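Shown next: data_3.cif, given as mmCIF, C-alpha atoms; chains and numbers go by the auth columns.
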```
data_input
loop_
_atom_site.group_PDB
_atom_site.id
_atom_site.type_symbol
_atom_site.label_atom_id
_atom_site.label_comp_id
_atom_site.label_asym_id
_atom_site.label_seq_id
_atom_site.Cartn_x
_atom_site.Cartn_y
_atom_site.Cartn_z
_atom_site.B_iso_or_equiv
_atom_site.auth_seq_id
_atom_site.auth_asym_id
ATOM 1 C CA MET A 1 -26.911 -77.052 -60.814 0.00 215 A
ATOM 2 C CA ALA A 2 -24.036 -78.554 -62.816 0.00 216 A
ATOM 3 C CA THR A 3 -25.025 -79.583 -66.292 0.00 217 A
ATOM 4 C CA ALA A 4 -23.138 -81.437 -68.937 0.00 218 A
ATOM 5 C CA GLN A 5 -21.494 -79.183 -71.467 0.00 219 A
ATOM 6 C CA GLY A 6 -24.014 -78.129 -74.093 0.00 220 A
ATOM 7 C CA SER A 7 -26.887 -80.143 -72.562 0.00 221 A
ATOM 8 C CA SER A 8 -29.177 -77.204 -71.857 0.00 222 A
ATOM 9 C CA ALA A 9 -29.129 -73.485 -72.378 0.00 223 A
ATOM 10 C CA PRO A 10 -29.105 -71.312 -69.262 0.00 224 A
ATOM 11 C CA GLY A 11 -32.350 -69.557 -68.398 0.00 225 A
ATOM 12 C CA GLU A 12 -32.833 -65.843 -67.911 0.00 226 A
ATOM 13 C CA GLN A 13 -32.288 -66.070 -64.168 0.00 227 A
ATOM 14 C CA GLU A 14 -29.009 -67.985 -64.584 0.00 228 A
ATOM 15 C CA LEU A 15 -27.803 -65.477 -67.171 0.00 229 A
ATOM 16 C CA ALA A 16 -28.689 -62.548 -64.892 0.00 230 A
ATOM 17 C CA VAL A 17 -26.802 -64.079 -61.969 0.00 231 A
ATOM 18 C CA ALA A 18 -23.866 -64.981 -64.228 0.00 232 A
ATOM 19 C CA TRP A 19 -23.759 -61.384 -65.502 0.00 233 A
ATOM 20 C CA LEU A 20 -23.675 -60.069 -61.915 0.00 234 A
ATOM 21 C CA LEU A 21 -20.875 -62.494 -61.017 0.00 235 A
ATOM 22 C CA LEU A 22 -18.903 -61.451 -64.078 0.00 236 A
ATOM 23 C CA ALA A 23 -19.332 -57.764 -63.197 0.00 237 A
ATOM 24 C CA ARG A 24 -18.201 -58.496 -59.629 0.00 238 A
ATOM 25 C CA TYR A 25 -15.183 -60.422 -60.891 0.00 239 A
ATOM 26 C CA SER A 26 -14.263 -57.652 -63.312 0.00 240 A
ATOM 27 C CA GLY A 27 -14.561 -55.122 -60.500 0.00 241 A
ATOM 28 C CA MET A 28 -12.204 -57.198 -58.357 0.00 242 A
ATOM 29 C CA ILE A 29 -9.595 -57.229 -61.118 0.00 243 A
ATOM 30 C CA ASN A 30 -9.932 -53.464 -61.599 0.00 244 A
ATOM 31 C CA GLU A 31 -9.465 -52.958 -57.843 0.00 245 A
ATOM 32 C CA ILE A 32 -6.265 -55.009 -57.952 0.00 246 A
ATOM 33 C CA MET A 33 -4.960 -52.999 -60.912 0.00 247 A
ATOM 34 C CA GLU A 34 -5.804 -49.719 -59.156 0.00 248 A
ATOM 35 C CA ARG A 35 -4.158 -50.836 -55.920 0.00 249 A
ATOM 36 C CA VAL A 36 -0.968 -52.209 -57.463 0.00 250 A
ATOM 37 C CA VAL A 37 -0.427 -50.085 -60.571 0.00 251 A
ATOM 38 C CA ALA A 38 -2.507 -46.994 -59.704 0.00 252 A
ATOM 39 C CA THR A 39 -4.568 -47.346 -62.886 0.00 253 A
ATOM 40 C CA GLY A 40 -7.583 -49.374 -63.903 0.00 254 A
ATOM 41 C CA SER A 41 -7.327 -48.389 -67.546 0.00 255 A
ATOM 42 C CA ASN A 42 -7.112 -51.381 -69.849 0.00 256 A
ATOM 43 C CA TYR A 43 -5.030 -49.298 -72.254 0.00 257 A
ATOM 44 C CA ASP A 44 -2.532 -48.402 -69.534 0.00 258 A
ATOM 45 C CA ILE A 45 -2.249 -52.045 -68.529 0.00 259 A
ATOM 46 C CA ALA A 46 -1.907 -53.133 -72.179 0.00 260 A
ATOM 47 C CA VAL A 47 0.985 -50.707 -72.716 0.00 261 A
ATOM 48 C CA LEU A 48 2.670 -51.647 -69.438 0.00 262 A
ATOM 49 C CA SER A 49 2.254 -55.368 -70.137 0.00 263 A
ATOM 50 C CA HIS A 50 3.645 -55.006 -73.631 0.00 264 A
ATOM 51 C CA LEU A 51 6.634 -53.036 -72.383 0.00 265 A
ATOM 52 C CA TYR A 52 7.156 -55.613 -69.619 0.00 266 A
ATOM 53 C CA ARG A 53 7.603 -58.307 -72.288 0.00 267 A
ATOM 54 C CA HIS A 54 9.423 -56.165 -74.846 0.00 268 A
ATOM 55 C CA SER A 55 12.115 -53.559 -74.469 0.00 269 A
ATOM 56 C CA GLU A 56 11.866 -50.132 -76.055 0.00 270 A
ATOM 57 C CA GLN A 57 8.827 -49.653 -78.252 0.00 271 A
ATOM 58 C CA ARG A 58 7.899 -47.005 -80.808 0.00 272 A
ATOM 59 C CA PRO A 59 4.480 -45.345 -80.785 0.00 273 A
ATOM 60 C CA HIS A 60 3.284 -47.327 -83.830 0.00 274 A
ATOM 61 C CA GLN A 61 4.060 -50.575 -81.985 0.00 275 A
ATOM 62 C CA LEU A 62 1.989 -49.436 -79.008 0.00 276 A
ATOM 63 C CA MET A 63 -0.773 -48.350 -81.391 0.00 277 A
ATOM 64 C CA ALA A 64 -0.874 -51.885 -82.820 0.00 278 A
ATOM 65 C CA VAL A 65 -1.139 -53.412 -79.340 0.00 279 A
ATOM 66 C CA THR A 66 -3.850 -51.088 -78.052 0.00 280 A
ATOM 67 C CA GLY A 67 -5.759 -50.163 -81.204 0.00 281 A
ATOM 68 C CA LEU A 68 -5.480 -46.522 -80.163 0.00 282 A
ATOM 69 C CA SER A 69 -4.655 -43.554 -82.378 0.00 283 A
ATOM 70 C CA ARG A 70 -1.260 -41.857 -82.164 0.00 284 A
ATOM 71 C CA PRO A 71 -2.575 -38.976 -79.977 0.00 285 A
ATOM 72 C CA SER A 72 -4.288 -41.430 -77.626 0.00 286 A
ATOM 73 C CA VAL A 73 -1.141 -43.556 -77.307 0.00 287 A
ATOM 74 C CA ALA A 74 0.818 -40.368 -76.619 0.00 288 A
ATOM 75 C CA ALA A 75 -1.639 -39.520 -73.822 0.00 289 A
ATOM 76 C CA VAL A 76 -1.304 -43.015 -72.292 0.00 290 A
ATOM 77 C CA VAL A 77 2.489 -42.830 -72.476 0.00 291 A
ATOM 78 C CA ALA A 78 2.511 -39.339 -70.923 0.00 292 A
ATOM 79 C CA ARG A 79 0.228 -40.488 -68.076 0.00 293 A
ATOM 80 C CA LEU A 80 2.391 -43.551 -67.373 0.00 294 A
ATOM 81 C CA GLU A 81 5.505 -41.397 -67.516 0.00 295 A
ATOM 82 C CA ARG A 82 3.987 -39.011 -64.916 0.00 296 A
ATOM 83 C CA LEU A 83 3.297 -42.029 -62.692 0.00 297 A
ATOM 84 C CA GLY A 84 6.969 -42.977 -63.008 0.00 298 A
ATOM 85 C CA PHE A 85 6.304 -46.308 -64.737 0.00 299 A
ATOM 86 C CA LEU A 86 8.000 -45.580 -68.032 0.00 300 A
ATOM 87 C CA HIS A 87 10.322 -43.138 -69.657 0.00 301 A
ATOM 88 C CA ARG A 88 10.696 -41.882 -73.164 0.00 302 A
ATOM 89 C CA SER A 89 13.902 -41.514 -75.098 0.00 303 A
ATOM 90 C CA PHE A 90 14.828 -40.575 -78.645 0.00 304 A
ATOM 91 C CA GLY A 91 15.652 -43.201 -81.235 0.00 305 A
ATOM 92 C CA GLU A 92 19.360 -43.550 -81.986 0.00 306 A
ATOM 93 C CA SER A 93 19.020 -43.597 -85.766 0.00 307 A
ATOM 94 C CA ASP A 94 16.044 -41.217 -85.990 0.00 308 A
ATOM 95 C CA ARG A 95 15.833 -38.515 -83.320 0.00 309 A
ATOM 96 C CA ARG A 96 12.291 -37.647 -84.481 0.00 310 A
ATOM 97 C CA THR A 97 10.885 -40.835 -83.015 0.00 311 A
ATOM 98 C CA THR A 98 10.474 -41.602 -79.350 0.00 312 A
ATOM 99 C CA LEU A 99 10.895 -44.923 -77.643 0.00 313 A
ATOM 100 C CA ALA A 100 9.019 -45.928 -74.506 0.00 314 A
ATOM 101 C CA SER A 101 10.428 -48.356 -71.966 0.00 315 A
ATOM 102 C CA LEU A 102 9.640 -49.341 -68.398 0.00 316 A
ATOM 103 C CA THR A 103 11.447 -47.803 -65.474 0.00 317 A
ATOM 104 C CA ALA A 104 12.599 -49.959 -62.559 0.00 318 A
ATOM 105 C CA LEU A 105 9.431 -48.883 -60.723 0.00 319 A
ATOM 106 C CA GLY A 106 7.265 -49.879 -63.703 0.00 320 A
ATOM 107 C CA ARG A 107 8.946 -53.269 -63.900 0.00 321 A
ATOM 108 C CA ARG A 108 8.460 -53.837 -60.148 0.00 322 A
ATOM 109 C CA ARG A 109 4.801 -52.843 -60.278 0.00 323 A
ATOM 110 C CA MET A 110 4.088 -55.121 -63.241 0.00 324 A
ATOM 111 C CA SER A 111 5.774 -57.991 -61.426 0.00 325 A
ATOM 112 C CA GLU A 112 3.651 -57.216 -58.336 0.00 326 A
ATOM 113 C CA LEU A 113 0.540 -57.084 -60.523 0.00 327 A
ATOM 114 C CA GLY A 114 1.333 -60.511 -61.955 0.00 328 A
ATOM 115 C CA ARG A 115 1.670 -61.995 -58.463 0.00 329 A
ATOM 116 C CA ALA A 116 -1.498 -60.252 -57.241 0.00 330 A
ATOM 117 C CA LEU A 117 -3.517 -61.510 -60.213 0.00 331 A
ATOM 118 C CA GLU A 118 -2.207 -65.066 -59.810 0.00 332 A
ATOM 119 C CA ALA A 119 -3.242 -65.014 -56.135 0.00 333 A
ATOM 120 C CA HIS A 120 -6.619 -63.559 -57.084 0.00 334 A
ATOM 121 C CA PHE A 121 -7.249 -66.193 -59.747 0.00 335 A
ATOM 122 C CA GLU A 122 -6.442 -68.949 -57.276 0.00 336 A
ATOM 123 C CA ALA A 123 -8.600 -67.420 -54.534 0.00 337 A
ATOM 124 C CA SER A 124 -11.547 -66.823 -56.866 0.00 338 A
ATOM 125 C CA ARG A 125 -11.658 -70.292 -58.384 0.00 339 A
ATOM 126 C CA ALA A 126 -15.036 -70.983 -56.702 0.00 340 A
ATOM 127 C CA LEU A 127 -16.542 -67.790 -58.130 0.00 341 A
ATOM 128 C CA VAL A 128 -15.374 -68.670 -61.640 0.00 342 A
ATOM 129 C CA THR A 129 -16.703 -72.210 -61.255 0.00 343 A
ATOM 130 C CA GLU A 130 -20.075 -70.822 -60.159 0.00 344 A
ATOM 131 C CA PHE A 131 -20.113 -68.476 -63.160 0.00 345 A
ATOM 132 C CA LEU A 132 -19.330 -71.326 -65.566 0.00 346 A
ATOM 133 C CA ASP A 133 -21.888 -73.556 -63.867 0.00 347 A
ATOM 134 C CA LEU A 134 -24.591 -70.927 -64.345 0.00 348 A
ATOM 135 C CA LEU A 135 -23.806 -70.879 -68.038 0.00 349 A
ATOM 136 C CA GLY A 136 -23.926 -74.666 -68.202 0.00 350 A
ATOM 137 C CA TRP A 137 -20.222 -74.986 -68.993 0.00 351 A
ATOM 138 C CA VAL A 138 -19.223 -77.147 -66.037 0.00 352 A
ATOM 139 C CA SER A 139 -19.753 -80.866 -66.284 0.00 353 A
ATOM 140 C CA ASP A 140 -20.380 -83.158 -63.317 0.00 354 A
#
```
Target encoding structure tokens, full file:
Amino acid sequence: MATAQGSSAPGEQELAVAWLLLARYSGMINEIMERVVATGSNYDIAVLSHLYRHSEQRPHQLMAVTGLSRPSVAAVVARLERLGFLHRSFGESDRRTTLASLTALGRRRMSELGRALEAHFEASRALVTEFLDLLGWVSD
């Protein structure tokens, strides 16, 4: 079924199968996130990932990363704090602002998530290839 890149558009049946494969793949990733980090929320993962790469962050920085409003970011931070993945502290120069940072548990879980996703990507290479082939993006 492999076609040269751009040589022909996929038909309705190929698109339907590709959509099902993509939904299955997305479900697998959500299952991994739920198992390792106890959340499948993309916003939770975005905040955790950002804090994994950066130290303390203010709410406006997390708003920029997630596109969420201040109250929604506050809800995400509170949920992740309840799970034990991050903690909040007051800013040194301005006690009115809070800073969020990962706890040791949060750092461990994000590291575990990275390893689990790497293993998943390697193990699902055939599924991704099939998906791309259905869309006509794999060349012989």
Counting only C-alpha atoms, find residues at most 12 Å from (0.4, -43.3, -77.3) (file frame) and give them as a PyMOL selection string. chain A and resi 257-258+260-262+271-295+302+312-314
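Picture a line from atom CA of A:Gly320 to atom CA of A:Arg249; it runs 13.9 Å.
The residues returned by the PyMOL selection byres ((chain A and resi 344) around 12) for this structure are Met215, Ala216, Thr217, Glu228, Leu229, Val231, Ala232, Trp233, Leu234, Leu235, Leu236, Tyr239, Ser338, Arg339, Ala340, Leu341, Val342, Thr343, Phe345, Leu346, Asp347, Leu348, Leu349, Gly350, Trp351, Val352 and Ser353 of chain A.
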Write a file of the just-selected residues containing C-alpha atoms, as a short mmCIF file (atom, residue, chain, number, x, y, z; two decimals), in the coordinates of the input.
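Final output, out.cif:
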```cif
data_model
loop_
_atom_site.label_atom_id
_atom_site.label_comp_id
_atom_site.auth_asym_id
_atom_site.auth_seq_id
_atom_site.Cartn_x
_atom_site.Cartn_y
_atom_site.Cartn_z
CA MET A 215 -26.91 -77.05 -60.81
CA ALA A 216 -24.04 -78.55 -62.82
CA THR A 217 -25.02 -79.58 -66.29
CA GLU A 228 -29.01 -67.98 -64.58
CA LEU A 229 -27.80 -65.48 -67.17
CA VAL A 231 -26.80 -64.08 -61.97
CA ALA A 232 -23.87 -64.98 -64.23
CA TRP A 233 -23.76 -61.38 -65.50
CA LEU A 234 -23.68 -60.07 -61.92
CA LEU A 235 -20.88 -62.49 -61.02
CA LEU A 236 -18.90 -61.45 -64.08
CA TYR A 239 -15.18 -60.42 -60.89
CA SER A 338 -11.55 -66.82 -56.87
CA ARG A 339 -11.66 -70.29 -58.38
CA ALA A 340 -15.04 -70.98 -56.70
CA LEU A 341 -16.54 -67.79 -58.13
CA VAL A 342 -15.37 -68.67 -61.64
CA THR A 343 -16.70 -72.21 -61.26
CA PHE A 345 -20.11 -68.48 -63.16
CA LEU A 346 -19.33 -71.33 -65.57
CA ASP A 347 -21.89 -73.56 -63.87
CA LEU A 348 -24.59 -70.93 -64.34
CA LEU A 349 -23.81 -70.88 -68.04
CA GLY A 350 -23.93 -74.67 -68.20
CA TRP A 351 -20.22 -74.99 -68.99
CA VAL A 352 -19.22 -77.15 -66.04
CA SER A 353 -19.75 -80.87 -66.28
#
```
Extract, using all atoms listed in the file, all DNA, RNA and protein residues at most 8 Å from A:Tyr266, discarding same-chain residues fewer than 5 positions from it, and format them as a list of chain:residue names. A:Leu316, A:Arg321, A:Met324
How far is it from atom CA of A:Ala237 to atom CA of A:Thr253, in Å with one decimal?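 Those two atoms sit 18.1 Å apart.
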Can you sort out stretch 270-289 of chain A so it carries N, CA, C and O atoms, written as a PDB file, in the coordinates of the input?
```
ATOM      1  N   GLU A 270      12.340 -51.408 -75.516  1.00  0.00           N
ATOM      2  CA  GLU A 270      11.866 -50.132 -76.055  1.00  0.00           C
ATOM      3  C   GLU A 270      10.889 -50.347 -77.216  1.00  0.00           C
ATOM      4  O   GLU A 270      11.109 -51.193 -78.066  1.00  0.00           O
ATOM      5  N   GLN A 271       9.847 -49.542 -77.214  1.00  0.00           N
ATOM      6  CA  GLN A 271       8.827 -49.653 -78.252  1.00  0.00           C
ATOM      7  C   GLN A 271       8.518 -48.271 -78.814  1.00  0.00           C
ATOM      8  O   GLN A 271       8.445 -47.281 -78.090  1.00  0.00           O
ATOM      9  N   ARG A 272       8.288 -48.238 -80.119  1.00  0.00           N
ATOM     10  CA  ARG A 272       7.899 -47.005 -80.808  1.00  0.00           C
ATOM     11  C   ARG A 272       6.385 -46.819 -80.685  1.00  0.00           C
ATOM     12  O   ARG A 272       5.644 -47.773 -80.453  1.00  0.00           O
ATOM     13  N   PRO A 273       5.924 -45.592 -80.877  1.00  0.00           N
ATOM     14  CA  PRO A 273       4.480 -45.345 -80.785  1.00  0.00           C
ATOM     15  C   PRO A 273       3.645 -46.253 -81.695  1.00  0.00           C
ATOM     16  O   PRO A 273       2.595 -46.745 -81.276  1.00  0.00           O
ATOM     17  N   HIS A 274       4.100 -46.496 -82.917  1.00  0.00           N
ATOM     18  CA  HIS A 274       3.284 -47.327 -83.830  1.00  0.00           C
ATOM     19  C   HIS A 274       3.163 -48.757 -83.301  1.00  0.00           C
ATOM     20  O   HIS A 274       2.161 -49.430 -83.536  1.00  0.00           O
ATOM     21  N   GLN A 275       4.156 -49.241 -82.573  1.00  0.00           N
ATOM     22  CA  GLN A 275       4.060 -50.575 -81.985  1.00  0.00           C
ATOM     23  C   GLN A 275       3.022 -50.589 -80.862  1.00  0.00           C
ATOM     24  O   GLN A 275       2.256 -51.548 -80.735  1.00  0.00           O
ATOM     25  N   LEU A 276       2.985 -49.529 -80.075  1.00  0.00           N
ATOM     26  CA  LEU A 276       1.989 -49.436 -79.008  1.00  0.00           C
ATOM     27  C   LEU A 276       0.598 -49.205 -79.584  1.00  0.00           C
ATOM     28  O   LEU A 276      -0.389 -49.687 -79.025  1.00  0.00           O
ATOM     29  N   MET A 277       0.510 -48.520 -80.716  1.00  0.00           N
ATOM     30  CA  MET A 277      -0.773 -48.350 -81.391  1.00  0.00           C
ATOM     31  C   MET A 277      -1.317 -49.702 -81.838  1.00  0.00           C
ATOM     32  O   MET A 277      -2.510 -49.976 -81.706  1.00  0.00           O
ATOM     33  N   ALA A 278      -0.445 -50.562 -82.352  1.00  0.00           N
ATOM     34  CA  ALA A 278      -0.874 -51.885 -82.820  1.00  0.00           C
ATOM     35  C   ALA A 278      -1.372 -52.743 -81.659  1.00  0.00           C
ATOM     36  O   ALA A 278      -2.337 -53.496 -81.809  1.00  0.00           O
ATOM     37  N   VAL A 279      -0.756 -52.613 -80.509  1.00  0.00           N
ATOM     38  CA  VAL A 279      -1.139 -53.412 -79.340  1.00  0.00           C
ATOM     39  C   VAL A 279      -2.469 -52.945 -78.768  1.00  0.00           C
ATOM     40  O   VAL A 279      -3.303 -53.759 -78.375  1.00  0.00           O
ATOM     41  N   THR A 280      -2.663 -51.632 -78.718  1.00  0.00           N
ATOM     42  CA  THR A 280      -3.850 -51.088 -78.052  1.00  0.00           C
ATOM     43  C   THR A 280      -5.011 -50.793 -78.986  1.00  0.00           C
ATOM     44  O   THR A 280      -6.150 -50.704 -78.540  1.00  0.00           O
ATOM     45  N   GLY A 281      -4.712 -50.580 -80.273  1.00  0.00           N
ATOM     46  CA  GLY A 281      -5.759 -50.163 -81.204  1.00  0.00           C
ATOM     47  C   GLY A 281      -6.079 -48.682 -81.093  1.00  0.00           C
ATOM     48  O   GLY A 281      -7.050 -48.212 -81.673  1.00  0.00           O
ATOM     49  N   LEU A 282      -5.263 -47.952 -80.349  1.00  0.00           N
ATOM     50  CA  LEU A 282      -5.480 -46.522 -80.163  1.00  0.00           C
ATOM     51  C   LEU A 282      -4.823 -45.715 -81.270  1.00  0.00           C
ATOM     52  O   LEU A 282      -3.895 -46.181 -81.929  1.00  0.00           O
ATOM     53  N   SER A 283      -5.273 -44.480 -81.437  1.00  0.00           N
ATOM     54  CA  SER A 283      -4.655 -43.554 -82.378  1.00  0.00           C
ATOM     55  C   SER A 283      -3.339 -43.041 -81.794  1.00  0.00           C
ATOM     56  O   SER A 283      -3.075 -43.191 -80.593  1.00  0.00           O
ATOM     57  N   ARG A 284      -2.546 -42.406 -82.625  1.00  0.00           N
ATOM     58  CA  ARG A 284      -1.260 -41.857 -82.164  1.00  0.00           C
ATOM     59  C   ARG A 284      -1.450 -40.866 -81.001  1.00  0.00           C
ATOM     60  O   ARG A 284      -0.745 -40.963 -79.999  1.00  0.00           O
ATOM     61  N   PRO A 285      -2.398 -39.904 -81.105  1.00  0.00           N
ATOM     62  CA  PRO A 285      -2.575 -38.976 -79.977  1.00  0.00           C
ATOM     63  C   PRO A 285      -3.011 -39.680 -78.685  1.00  0.00           C
ATOM     64  O   PRO A 285      -2.574 -39.307 -77.601  1.00  0.00           O
ATOM     65  N   SER A 286      -3.838 -40.704 -78.821  1.00  0.00           N
ATOM     66  CA  SER A 286      -4.288 -41.430 -77.626  1.00  0.00           C
ATOM     67  C   SER A 286      -3.152 -42.221 -77.000  1.00  0.00           C
ATOM     68  O   SER A 286      -3.021 -42.272 -75.769  1.00  0.00           O
ATOM     69  N   VAL A 287      -2.313 -42.846 -77.829  1.00  0.00           N
ATOM     70  CA  VAL A 287      -1.141 -43.556 -77.307  1.00  0.00           C
ATOM     71  C   VAL A 287      -0.207 -42.565 -76.626  1.00  0.00           C
ATOM     72  O   VAL A 287       0.331 -42.836 -75.546  1.00  0.00           O
ATOM     73  N   ALA A 288      -0.036 -41.397 -77.228  1.00  0.00           N
ATOM     74  CA  ALA A 288       0.818 -40.368 -76.619  1.00  0.00           C
ATOM     75  C   ALA A 288       0.283 -39.968 -75.244  1.00  0.00           C
ATOM     76  O   ALA A 288       1.067 -39.762 -74.304  1.00  0.00           O
ATOM     77  N   ALA A 289      -1.035 -39.875 -75.111  1.00  0.00           N
ATOM     78  CA  ALA A 289      -1.639 -39.520 -73.822  1.00  0.00           C
ATOM     79  C   ALA A 289      -1.410 -40.625 -72.792  1.00  0.00           C
ATOM     80  O   ALA A 289      -1.101 -40.341 -71.626  1.00  0.00           O
TER      81      ALA A 289
END
```
